[in-house]
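These notes concern the structure reproduced below.
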Amino acid sequence: MTDELFRKDSYLKECEAAVVAAEGQAVTVDRTVFYPLGGGQPGDTGSMRWSDGNARIVDTRYGDSGEILHFLEEGSALPPVGGTIHLVLDWDRRYRHMRMHTAMHLLGAVLRYGVTGGNISAEKSRLDFDMEDTVDKEAVTAALQALVAADHPISCRWISDAELDANPELVRTMSVQPPRGKGDVRLLEIEGVDLQPCGGTHLKSTAEVGKVRIGKVEKKGRRNRRVNIHLDD
Ligand SMILES: [Zn+2]
């Protein structure tokens, strides 16, 4: 298993790691700051370098055994297995993913309907809601901007299945039901705004979301509204 450094500190931009495997265009290491595709958030891109080589990382995904695969640009040289490499994230892109991801949590707190889907990219993101009502774009944008301006602190904590069972009121306050049976669940808390299970990368406070606005709202079926989010800068 790869030690997922981004789970404890999403602001890490680089790290040293040992190469565990290098096959095809995919490199596995013992630890990484690269987030793999999941939860609607794209896999990270960046670069790796070693004693006598370097390569672009064009995507990051989970492998079949839960290890994290760093996919190199076609035709790249591979680092030696057992050797040490230095990994560097494309931080500007990842930081926009963190801003978008955190903005989606805020949107979920403003529009308290069931979420049926979502997708994040550096340019725009969307959440699909199970709702028939129309969305007042200006009002939702204003509510989002108020949450950003209030600069709510954001933190993560782990909670065991047993603790969840002992605190049913905690589950009732969550906007998404936690998955059971893995032993423990990672909870994201935006103080006073939202508490829900999530494994993604987030900001440390809502102010960092910056200029956010609601874009197009699309009607995708009678009970489905697709709400697009943009960052203006
Ligand atoms: Zn999240």
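FYI, nothing fancy with the structure tokens labels: chains A, B, ... in order, residues from 1 per chain, ligands from 1 as they appear.
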
Ligand 1: which residues are within 8 Å, counting only C-alpha atoms and all ligand atoms, as number ranges by chain?
A: 39, 101-102, 104-105, 188, 196-202

Since we have the selection now, will you write its residues out, keeping C-alpha atoms, as an mmCIF file, in the first residue's frame?
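Produced file selection_2.cif, reproduced below:
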```
data_model
loop_
_atom_site.group_PDB
_atom_site.id
_atom_site.type_symbol
_atom_site.label_atom_id
_atom_site.label_comp_id
_atom_site.auth_asym_id
_atom_site.auth_seq_id
_atom_site.Cartn_x
_atom_site.Cartn_y
_atom_site.Cartn_z
ATOM 1 C CA GLY A 39 -14.775 11.152 -5.531
ATOM 2 C CA HIS A 101 -13.835 20.674 -4.007
ATOM 3 C CA THR A 102 -14.339 22.875 -0.949
ATOM 4 C CA MET A 104 -18.832 21.950 -3.705
ATOM 5 C CA HIS A 105 -19.129 21.200 0.027
ATOM 6 C CA LEU A 188 -14.652 16.497 6.839
ATOM 7 C CA GLN A 196 -19.733 14.656 6.046
ATOM 8 C CA PRO A 197 -17.570 11.697 5.111
ATOM 9 C CA CYS A 198 -15.049 12.607 2.397
ATOM 10 C CA GLY A 199 -11.602 11.422 1.325
ATOM 11 C CA GLY A 200 -10.688 14.311 -0.973
ATOM 12 C CA THR A 201 -8.249 17.197 -0.607
ATOM 13 C CA HIS A 202 -9.607 20.383 0.994
#
```

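Residues in contact range of Lys13 in chain A, defined as at most 8 Å between only C-alpha atoms, with sequence neighbours fewer than 4 positions away removed, read Val33, Val88, Leu89 and Trp91 of chain A.
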
Mind dumping the selected residues with N, CA and C atoms as a compact mmCIF listing (two decimals), in the first residue's frame?
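Below is the file result-v9.txt, written as the result:
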```txt
# COMPACT_ATOMS: atom_id res chain seq x y z
N VAL A 33 2.48 12.43 -2.52
CA VAL A 33 1.62 13.59 -2.31
C VAL A 33 0.59 13.69 -3.43
N VAL A 88 7.07 16.02 -7.53
CA VAL A 88 6.62 17.42 -7.44
C VAL A 88 5.26 17.57 -8.11
N LEU A 89 4.29 18.08 -7.39
CA LEU A 89 2.93 18.29 -7.91
C LEU A 89 2.86 19.50 -8.83
N TRP A 91 1.17 22.23 -8.64
CA TRP A 91 0.43 22.77 -7.49
C TRP A 91 -0.71 23.70 -7.89
```

With distances taken over only C-alpha atoms, which residue among A:Lys220, A:Arg157, A:Arg225, A:His86 lies nearest Leu195 in chain A?
A:Arg157

Contacts of Asp184 in chain A within 6 Å, only C-alpha atoms, excl. fewer than 3 positions in-chain, as a ChimeraX atom specification
/A:159-161

Excluding Ser121 in chain A and its own-chain neighbours fewer than 5 positions away, which residues fall within 12 Å of it when counting only C-alpha atoms? Please give them as a PyMOL selection string.
chain A and resi 37+39-44+93-101+104+126-127+228-231

Mind dumping the selected residues with C-alpha atoms as an mmCIF file, in the first residue's frame?
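Final file, again34.cif:
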```cif
data_model
loop_
_atom_site.group_PDB
_atom_site.id
_atom_site.type_symbol
_atom_site.label_atom_id
_atom_site.label_comp_id
_atom_site.auth_asym_id
_atom_site.auth_seq_id
_atom_site.Cartn_x
_atom_site.Cartn_y
_atom_site.Cartn_z
ATOM 1 C CA LEU A 37 -8.717 10.023 -9.348
ATOM 2 C CA GLY A 39 -14.775 11.152 -5.531
ATOM 3 C CA GLY A 40 -15.241 13.277 -8.662
ATOM 4 C CA GLN A 41 -11.777 14.839 -8.282
ATOM 5 C CA PRO A 42 -9.197 14.272 -11.067
ATOM 6 C CA GLY A 43 -5.863 12.548 -10.473
ATOM 7 C CA ASP A 44 -2.897 14.872 -9.929
ATOM 8 C CA ARG A 93 -3.862 22.824 -10.817
ATOM 9 C CA ARG A 94 -4.246 20.862 -7.564
ATOM 10 C CA TYR A 95 -4.905 24.025 -5.548
ATOM 11 C CA ARG A 96 -7.782 24.894 -7.917
ATOM 12 C CA HIS A 97 -9.127 21.366 -7.378
ATOM 13 C CA MET A 98 -8.998 22.006 -3.609
ATOM 14 C CA ARG A 99 -10.821 25.317 -4.003
ATOM 15 C CA MET A 100 -13.442 23.708 -6.262
ATOM 16 C CA HIS A 101 -13.835 20.674 -4.007
ATOM 17 C CA MET A 104 -18.832 21.950 -3.705
ATOM 18 C CA ARG A 126 -20.761 20.635 -11.182
ATOM 19 C CA LEU A 127 -23.037 18.974 -8.666
ATOM 20 C CA ASN A 228 -22.236 24.492 -12.405
ATOM 21 C CA ILE A 229 -19.660 26.349 -10.285
ATOM 22 C CA HIS A 230 -16.913 28.682 -11.503
ATOM 23 C CA LEU A 231 -13.930 30.344 -9.842
#
```

Would you please give, as a PyMOL selection string, all residues of range 177-213 of chain A that DSSP assigns to strand (DSSP E or B) based on the backbone?
chain A and resi 184-190+194-197+205+212-213

Got a sec: who's within 9 Å of Ala149 in chain A, counting only C-alpha atoms, leaving out chain neighbours fewer than 5 positions off, as a PyMOL selection string?
chain A and resi 144+206-207+210

So that I can check the surroundings of Lys204 in chain A, please list as a list in words every protein, DNA and RNA residue that reaches within 7 Å of it, counting only C-alpha atoms and ignoring chain neighbours fewer than 4 positions away.
Pro153, Ile154 and Ser155 of chain A

Residue subset to file, keeping C-alpha atoms, as a short mmCIF file (atom, residue, chain, number, x, y, z; two decimals), in the first residue's frame:
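Final output, saved to part05.cif:
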```cif
data_model
loop_
_atom_site.label_atom_id
_atom_site.label_comp_id
_atom_site.auth_asym_id
_atom_site.auth_seq_id
_atom_site.Cartn_x
_atom_site.Cartn_y
_atom_site.Cartn_z
CA PRO A 153 -12.15 26.70 9.61
CA ILE A 154 -12.02 23.27 7.92
CA SER A 155 -10.62 20.11 9.46
#
```

Residues of range 15-173 of chain A in alpha helix (DSSP H) according to DSSP, as a VMD selection string?
chain A and resid 91 to 110 137 to 149 161 to 166 168 to 173

Work out how far CA of Lys124 in chain A is from CA of Ala142 in chain A, in Å to one decimal.
18.1 Å
